[in-house]
Amino acid sequence: MESKTLDGLMQPKSVAVVGASSQPGKIGYTVVDNLIKSGYEGKIYPINPKAADILGIKAYPSVLAVPDEIDAAAITVPASLVEQAAEECGKKGVKALIIITSGFSEVGNRDLEDRIVAIARRYNMRILGPNIVGTLSNSQKLNASFAPFLPLTGKATLISQSGALLIAMDASTYIRRVGFEKLISIGNMSDVDFADIITWLDDDPNTTCVSLYIEGFRDGRKFMDACRRAHKPIIALKSGVSSHGAAAAASHTGSLAGAAKVYGAAFQQAGVVQASDLDNLFDRTLALSLQPPMKGDNLLIITNGGGVGVLATDSAERYGLPLQFAPQDLRDELKKHMPEFGSAKNPVDLTGMAGRDWYEDSIRFAFAHPWVDGLVVLYCETSLTDPVDIAYGIKKAIDESGVKDKPVTVSFVGGEQSEKATRWLVEQGIPTYSAPDLAVNALAALREYAIMQQMLAETNEPCLDVNKAQALEVIGRARADGRDSLTEIEAKQVFAAYGLPVTKTQLAKNEEEAVELAKAIGFPIVMKIVSPDILHKSDAGGVKVNIKDEAGVREAYRTILNNAKAYKADARIHGIAIQEMAPWGTEVILGSVNDATFGPTMMFGLGGIFVEVLKDVTFRVAPVAEGQALRMLSEIRGAPILAGVRGEKPRDRQAMAATICRYSSMIVDLAEEISESDANPVLVYEEGKGVRVADARIILKKK
Ligand code: COA
């Protein structure tokens, strides 16, 4: 239903240009000119108060004067006139506005943008933009933009948040030979956003892959939902990853939650393949738009050159597809199609003597072999062979193999003839590149897509045994006290309400109570100052560990109080926390932020120096299912420490993953209350012995 409302925008049967002009050089002229030149078969209505016709087409003073229906109106009048234009379009029953005009929220003019959105809502119109280049579609022969021409025809659709980049990419589709069905400039996303278009494109038979250039957006969860529901690959290049969230963070987690990490996590959880730069976006889009996903890890490389074979082998490892030797039966067969000094292991080196026949015979057999999940074919131009002839052979062998559900990419390294062969292969639907690294990277994109699709099938069991009321009561008390952070004891009470394994901790208000509690908990114990005014307890001399008896408790009680007073004379002191001293374990950190785009987001990393210096942490948008939690444990650089190094037993990763799941449920459940939180350290014991949360911090949302 939601998606249907975009039909007028995506497949308009008629387009008005409000602000059409007869003056070359004006955007209102170019858009009409482009509609004509692109061969648009729908009706074009130039709108201009003074002109009788524009570029030979009858013009109207207002959309209200047009005798027929109008599906979409491209708006090219200055910002001050857009409100009136929108109102008239609404009255006319126009279905969508393509607002090319700049001068709205991107320059701080949000009120005007909001007013236009309100008009559109009143009339059930959708808005693309404002501040856009427009929209282009090959299947519609529609260039409703001021980009110069329709892109090279292809099967991908690009949605770009940068107009300038879209124009540049439009032209370069012909140089790079990466074709697109549509190019859509999305601009300020006042109404239609990435998610809306992704949902519409999922039913578009002309689009097989959605390619995104993203600067940033607001509703991260809507984006993730749309991507998760999509049945075709989505690839994203995210820019502006350097300065986000780091400012004013009150927790470790807050200071580490940069845009690169949080967007990266969200893409992974939503099944979105990532591109590292513009070139990579093109290269990966080509493969994702033409080839099926790679369902297993077994990559076979067939080459006529040892050098490119080794380069491709290095790349395969770099992109997560390390080569395995091919099975014996496959090797035996391949050996028949190469000289004695060739190699059938993997990479399969047919040697520089390889002609079309050898390529054909080995590809036909290998591609159909059940062990092979994906194929990379490499060719170095030699004087013995004609690259174009080799290309014909490759295509023929792939067709004759009968394989439709495995991907293949190709790299031709050479001169003009190789270039010609490359173009021909791409036209045949076989992604072909100028370097082995590019061919392997493109195949890796197809593998990443398949892996993420498997992950999306995982279910996320909610934790049912939680006590939200108890957590809210603790938070309510702190708020009533005028605080926006919880003490360690309070934070642990909230954690405990969600079943997190916190160390036993109780508040002693005087020395006698301290002794009683210490005896009840059992020695050795830890004692810590509890003050809303002292966040860094160790710096204030407010922590004593390994206290073994009553005399120790009494002495520590006095020392801690004196230290706290010396550190901050007017600090409010609630008392001293008496804590069970958890035995030593591997220290890790868990934490959360409430990300502006994605909401509650989890962090995991190794604690101590690993988090302080190496920032070896990983993120997921909450809630986090167990499979994802286990992946978090294995994707940090320090993962081998949890797996058990130097004869140490493996740590209890299962318990750790369960703790991450619980923690993530807590931050979703309390998203209205918790701004940032840390559990640091969390001690992880050997397999079967669980984890303990030794320290806790919760910063509340300001209300
Ligand atoms: N209805 C229809 N047309 C109207 C009108 C109305 N109510 N009022 C004025 N017009 C006509 C003008 O008379 C003019 O036609 P003319 O050449 O025959 O006189 C035409 O609309 C355009 O108006 P003009 O005032 O000449 O504007 P402009 O062409 O200088 O600039 C924009 C208009 C939209 C291009 C400009 O304001 C703008 O936003 N530019 C940036 C666009 C951009 O970069 N977008 C984002 C890319 S990422």
# chains A, B, ... in the order shown; residues from 1 in each chain; ligands from 1

$ closest_atom_pairs --of "chain A" --to "ligand 1" --cutoff "8 Å" --atoms "only C-alpha atoms and all ligand atoms" --output "CSV"
residue,atom,partner,partner_atom_place_in_ligand_line,distance
A:Val17,CA,ligand 1,2 (C),7.9
A:Val18,CA,ligand 1,2 (C),4.6
A:Gly19,CA,ligand 1,21 (O),3.2
A:Ala20,CA,ligand 1,20 (C),5.5
A:Ser21,CA,ligand 1,18 (O),4.2
A:Ser22,CA,ligand 1,18 (O),5.7
A:Gln23,CA,ligand 1,17 (O),5.4
A:Lys26,CA,ligand 1,29 (O),4.8
A:Ile27,CA,ligand 1,35 (C),5.0
A:Gly28,CA,ligand 1,22 (C),5.7
A:Tyr29,CA,ligand 1,17 (O),7.7
A:Ile47,CA,ligand 1,2 (C),5.0
A:Asn48,CA,ligand 1,3 (N),3.9
A:Pro49,CA,ligand 1,2 (C),5.6
A:Lys50,CA,ligand 1,18 (O),6.7
A:Ala51,CA,ligand 1,18 (O),6.5
A:Pro61,CA,ligand 1,2 (C),6.7
A:Ser62,CA,ligand 1,1 (N),6.1
A:Ile75,CA,ligand 1,34 (C),7.0
A:Thr76,CA,ligand 1,34 (C),4.0
A:Val77,CA,ligand 1,34 (C),4.4
A:Pro78,CA,ligand 1,37 (O),3.5
A:Ala79,CA,ligand 1,37 (O),5.7
A:Leu81,CA,ligand 1,7 (N),6.2
A:Gln84,CA,ligand 1,7 (N),7.3
A:Ala85,CA,ligand 1,7 (N),6.2
A:Ile100,CA,ligand 1,45 (N),4.9
A:Thr101,CA,ligand 1,39 (O),3.4
A:Ser102,CA,ligand 1,39 (O),3.8
A:Gly103,CA,ligand 1,39 (O),6.3
A:Pro130,CA,ligand 1,46 (C),7.5
A:Asn131,CA,ligand 1,46 (C),4.0
A:Ile132,CA,ligand 1,46 (C),4.0
A:Val133,CA,ligand 1,47 (C),4.5
A:Ser162,CA,ligand 1,48 (S),6.1
A:Gly163,CA,ligand 1,48 (S),3.6
A:Ala164,CA,ligand 1,48 (S),5.6
A:Ser185,CA,ligand 1,48 (S),7.6
A:Gly187,CA,ligand 1,48 (S),6.7

$ residues_around --residues "A:Ala275" --least-positions-apart "2" --cutoff "7 Å" --atoms "only C-alpha atoms" --output "MDAnalysis selection string"
chainID A and resid 235:237 273 277 280:281

$ write_last_selection --atoms "C-alpha atoms" --output "PDB file, in the first residue's frame"
ATOM      1  CA  ILE A 235      24.884  -2.203  -1.582  1.00  0.00           C
ATOM      2  CA  ALA A 236      25.790   1.000   0.245  1.00  0.00           C
ATOM      3  CA  LEU A 237      28.613   3.485   0.234  1.00  0.00           C
ATOM      4  CA  VAL A 273      26.666  -5.170   1.350  1.00  0.00           C
ATOM      5  CA  ASP A 277      34.720   3.875  -2.132  1.00  0.00           C
ATOM      6  CA  ASN A 280      34.227  -0.181  -5.342  1.00  0.00           C
ATOM      7  CA  LEU A 281      30.548   0.808  -5.397  1.00  0.00           C
TER       8      LEU A 281
END

$ residues_around --residues "A:Ala556" --least-positions-apart "2" --cutoff "10 Å" --atoms "only C-alpha atoms" --output "list of chain:residue names"
A:Glu511, A:Ala514, A:Val526, A:Met527, A:Lys528, A:Gly542, A:Val543, A:Lys544, A:Val545, A:Ile547, A:Glu550, A:Ala551, A:Gly552, A:Val553, A:Arg554, A:Arg558, A:Thr559, A:Ile560, A:Leu561, A:Asn562, A:Ile576

$ closest_residue --among "A:Ile57, A:Leu378, A:Met666, A:Leu183" --to "A:Asp437" --atoms "only C-alpha atoms"
A:Leu378

$ residues_around --residues "A:Glu626" --least-positions-apart "2" --cutoff "10 Å" --atoms "only C-alpha atoms" --output "ChimeraX atom specification"
/A:458-461,623-624,628-632,654,656-662

$ residues_around --residues "A:Leu590" --least-positions-apart "6" --cutoff "9 Å" --atoms "only C-alpha atoms" --output "VMD selection string"
chain A and resid 253 602 to 607 660 663 677 to 682

$ write_last_selection --atoms "N, CA, C and O atoms" --output "PDB file, in the first residue's frame"
ATOM      1  N   THR A 253      31.555   3.605  25.968  1.00  0.00           N
ATOM      2  CA  THR A 253      30.853   3.190  24.759  1.00  0.00           C
ATOM      3  C   THR A 253      30.508   4.403  23.915  1.00  0.00           C
ATOM      4  O   THR A 253      30.699   4.402  22.697  1.00  0.00           O
ATOM      5  N   MET A 602      24.414  -1.676  20.809  1.00  0.00           N
ATOM      6  CA  MET A 602      25.297  -2.396  21.736  1.00  0.00           C
ATOM      7  C   MET A 602      26.750  -2.336  21.312  1.00  0.00           C
ATOM      8  O   MET A 602      27.028  -2.394  20.119  1.00  0.00           O
ATOM      9  N   MET A 603      27.641  -2.334  22.305  1.00  0.00           N
ATOM     10  CA  MET A 603      29.066  -2.472  22.002  1.00  0.00           C
ATOM     11  C   MET A 603      29.639  -3.638  22.794  1.00  0.00           C
ATOM     12  O   MET A 603      29.228  -3.885  23.920  1.00  0.00           O
ATOM     13  N   PHE A 604      30.604  -4.324  22.195  1.00  0.00           N
ATOM     14  CA  PHE A 604      31.348  -5.370  22.895  1.00  0.00           C
ATOM     15  C   PHE A 604      32.817  -5.238  22.532  1.00  0.00           C
ATOM     16  O   PHE A 604      33.158  -4.938  21.388  1.00  0.00           O
ATOM     17  N   GLY A 605      33.693  -5.464  23.509  1.00  0.00           N
ATOM     18  CA  GLY A 605      35.122  -5.482  23.218  1.00  0.00           C
ATOM     19  C   GLY A 605      35.875  -6.084  24.378  1.00  0.00           C
ATOM     20  O   GLY A 605      35.289  -6.353  25.436  1.00  0.00           O
ATOM     21  N   LEU A 606      37.168  -6.302  24.180  1.00  0.00           N
ATOM     22  CA  LEU A 606      37.989  -6.726  25.312  1.00  0.00           C
ATOM     23  C   LEU A 606      38.233  -5.502  26.170  1.00  0.00           C
ATOM     24  O   LEU A 606      38.338  -4.389  25.654  1.00  0.00           O
ATOM     25  N   GLY A 607      38.319  -5.717  27.505  1.00  0.00           N
ATOM     26  CA  GLY A 607      38.419  -4.576  28.412  1.00  0.00           C
ATOM     27  C   GLY A 607      39.840  -4.070  28.572  1.00  0.00           C
ATOM     28  O   GLY A 607      40.737  -4.414  27.801  1.00  0.00           O
ATOM     29  N   ILE A 660      25.199 -10.698  26.213  1.00  0.00           N
ATOM     30  CA  ILE A 660      25.018  -9.631  25.212  1.00  0.00           C
ATOM     31  C   ILE A 660      23.542  -9.546  24.797  1.00  0.00           C
ATOM     32  O   ILE A 660      22.960  -8.464  24.724  1.00  0.00           O
ATOM     33  N   TYR A 663      21.557  -7.990  27.643  1.00  0.00           N
ATOM     34  CA  TYR A 663      21.892  -6.569  27.764  1.00  0.00           C
ATOM     35  C   TYR A 663      21.173  -5.794  26.657  1.00  0.00           C
ATOM     36  O   TYR A 663      20.611  -4.727  26.864  1.00  0.00           O
ATOM     37  N   SER A 677      25.369   3.416  28.562  1.00  0.00           N
ATOM     38  CA  SER A 677      25.681   2.549  29.699  1.00  0.00           C
ATOM     39  C   SER A 677      26.954   1.769  29.417  1.00  0.00           C
ATOM     40  O   SER A 677      27.336   1.589  28.256  1.00  0.00           O
ATOM     41  N   ASP A 678      27.605   1.339  30.492  1.00  0.00           N
ATOM     42  CA  ASP A 678      28.786   0.473  30.382  1.00  0.00           C
ATOM     43  C   ASP A 678      28.673  -0.634  31.417  1.00  0.00           C
ATOM     44  O   ASP A 678      28.209  -0.383  32.534  1.00  0.00           O
ATOM     45  N   ALA A 679      29.112  -1.813  31.073  1.00  0.00           N
ATOM     46  CA  ALA A 679      29.378  -2.857  32.062  1.00  0.00           C
ATOM     47  C   ALA A 679      30.861  -3.134  31.874  1.00  0.00           C
ATOM     48  O   ALA A 679      31.255  -3.718  30.869  1.00  0.00           O
ATOM     49  N   ASN A 680      31.685  -2.672  32.828  1.00  0.00           N
ATOM     50  CA  ASN A 680      33.129  -2.670  32.584  1.00  0.00           C
ATOM     51  C   ASN A 680      33.900  -2.684  33.888  1.00  0.00           C
ATOM     52  O   ASN A 680      33.879  -1.704  34.602  1.00  0.00           O
ATOM     53  N   PRO A 681      34.560  -3.747  34.230  1.00  0.00           N
ATOM     54  CA  PRO A 681      34.719  -4.940  33.414  1.00  0.00           C
ATOM     55  C   PRO A 681      33.600  -5.958  33.624  1.00  0.00           C
ATOM     56  O   PRO A 681      32.966  -5.983  34.663  1.00  0.00           O
ATOM     57  N   VAL A 682      33.444  -6.770  32.586  1.00  0.00           N
ATOM     58  CA  VAL A 682      32.691  -8.013  32.730  1.00  0.00           C
ATOM     59  C   VAL A 682      33.764  -9.098  32.721  1.00  0.00           C
ATOM     60  O   VAL A 682      34.655  -9.076  31.864  1.00  0.00           O
TER      61      VAL A 682
END

$ select_by_dssp --residues "stretch 311-508 of chain A" --states "helix (DSSP H, G or I)" --output "MDAnalysis selection string"
chainID A and resid 311:318 328:335 356:368 387:401 416:427 436:456 468:480 488:497

$ residues_around --residues "stretch 296-299 of chain A" --least-positions-apart "4" --cutoff "12 Å" --atoms "only C-alpha atoms" --output "number ranges by chain"
A: 312-313, 315-317, 319-327, 345-348, 366-367, 369-377, 405-409, 439-441, 443-444, 446-451, 454

$ closest_residue --among "A:Gly499, A:Gly541, A:Gly522, A:Pro12" --to "A:Leu142" --atoms "only C-alpha atoms"
A:Pro12

$ closest_residue --among "A:Gly264, A:Pro292, A:Gly352, A:Gly476" --to "A:Gly307" --atoms "only C-alpha atoms"
A:Gly352

$ closest_residue --among "A:Ala266, A:Val403, A:Leu633, A:Val410" --to "A:Ile301" --atoms "only C-alpha atoms"
A:Val410

$ closest_residue --among "A:Thr586, A:Ala195, A:Ala655, A:Ala566" --to "A:Pro640" --atoms "only C-alpha atoms"
A:Thr586
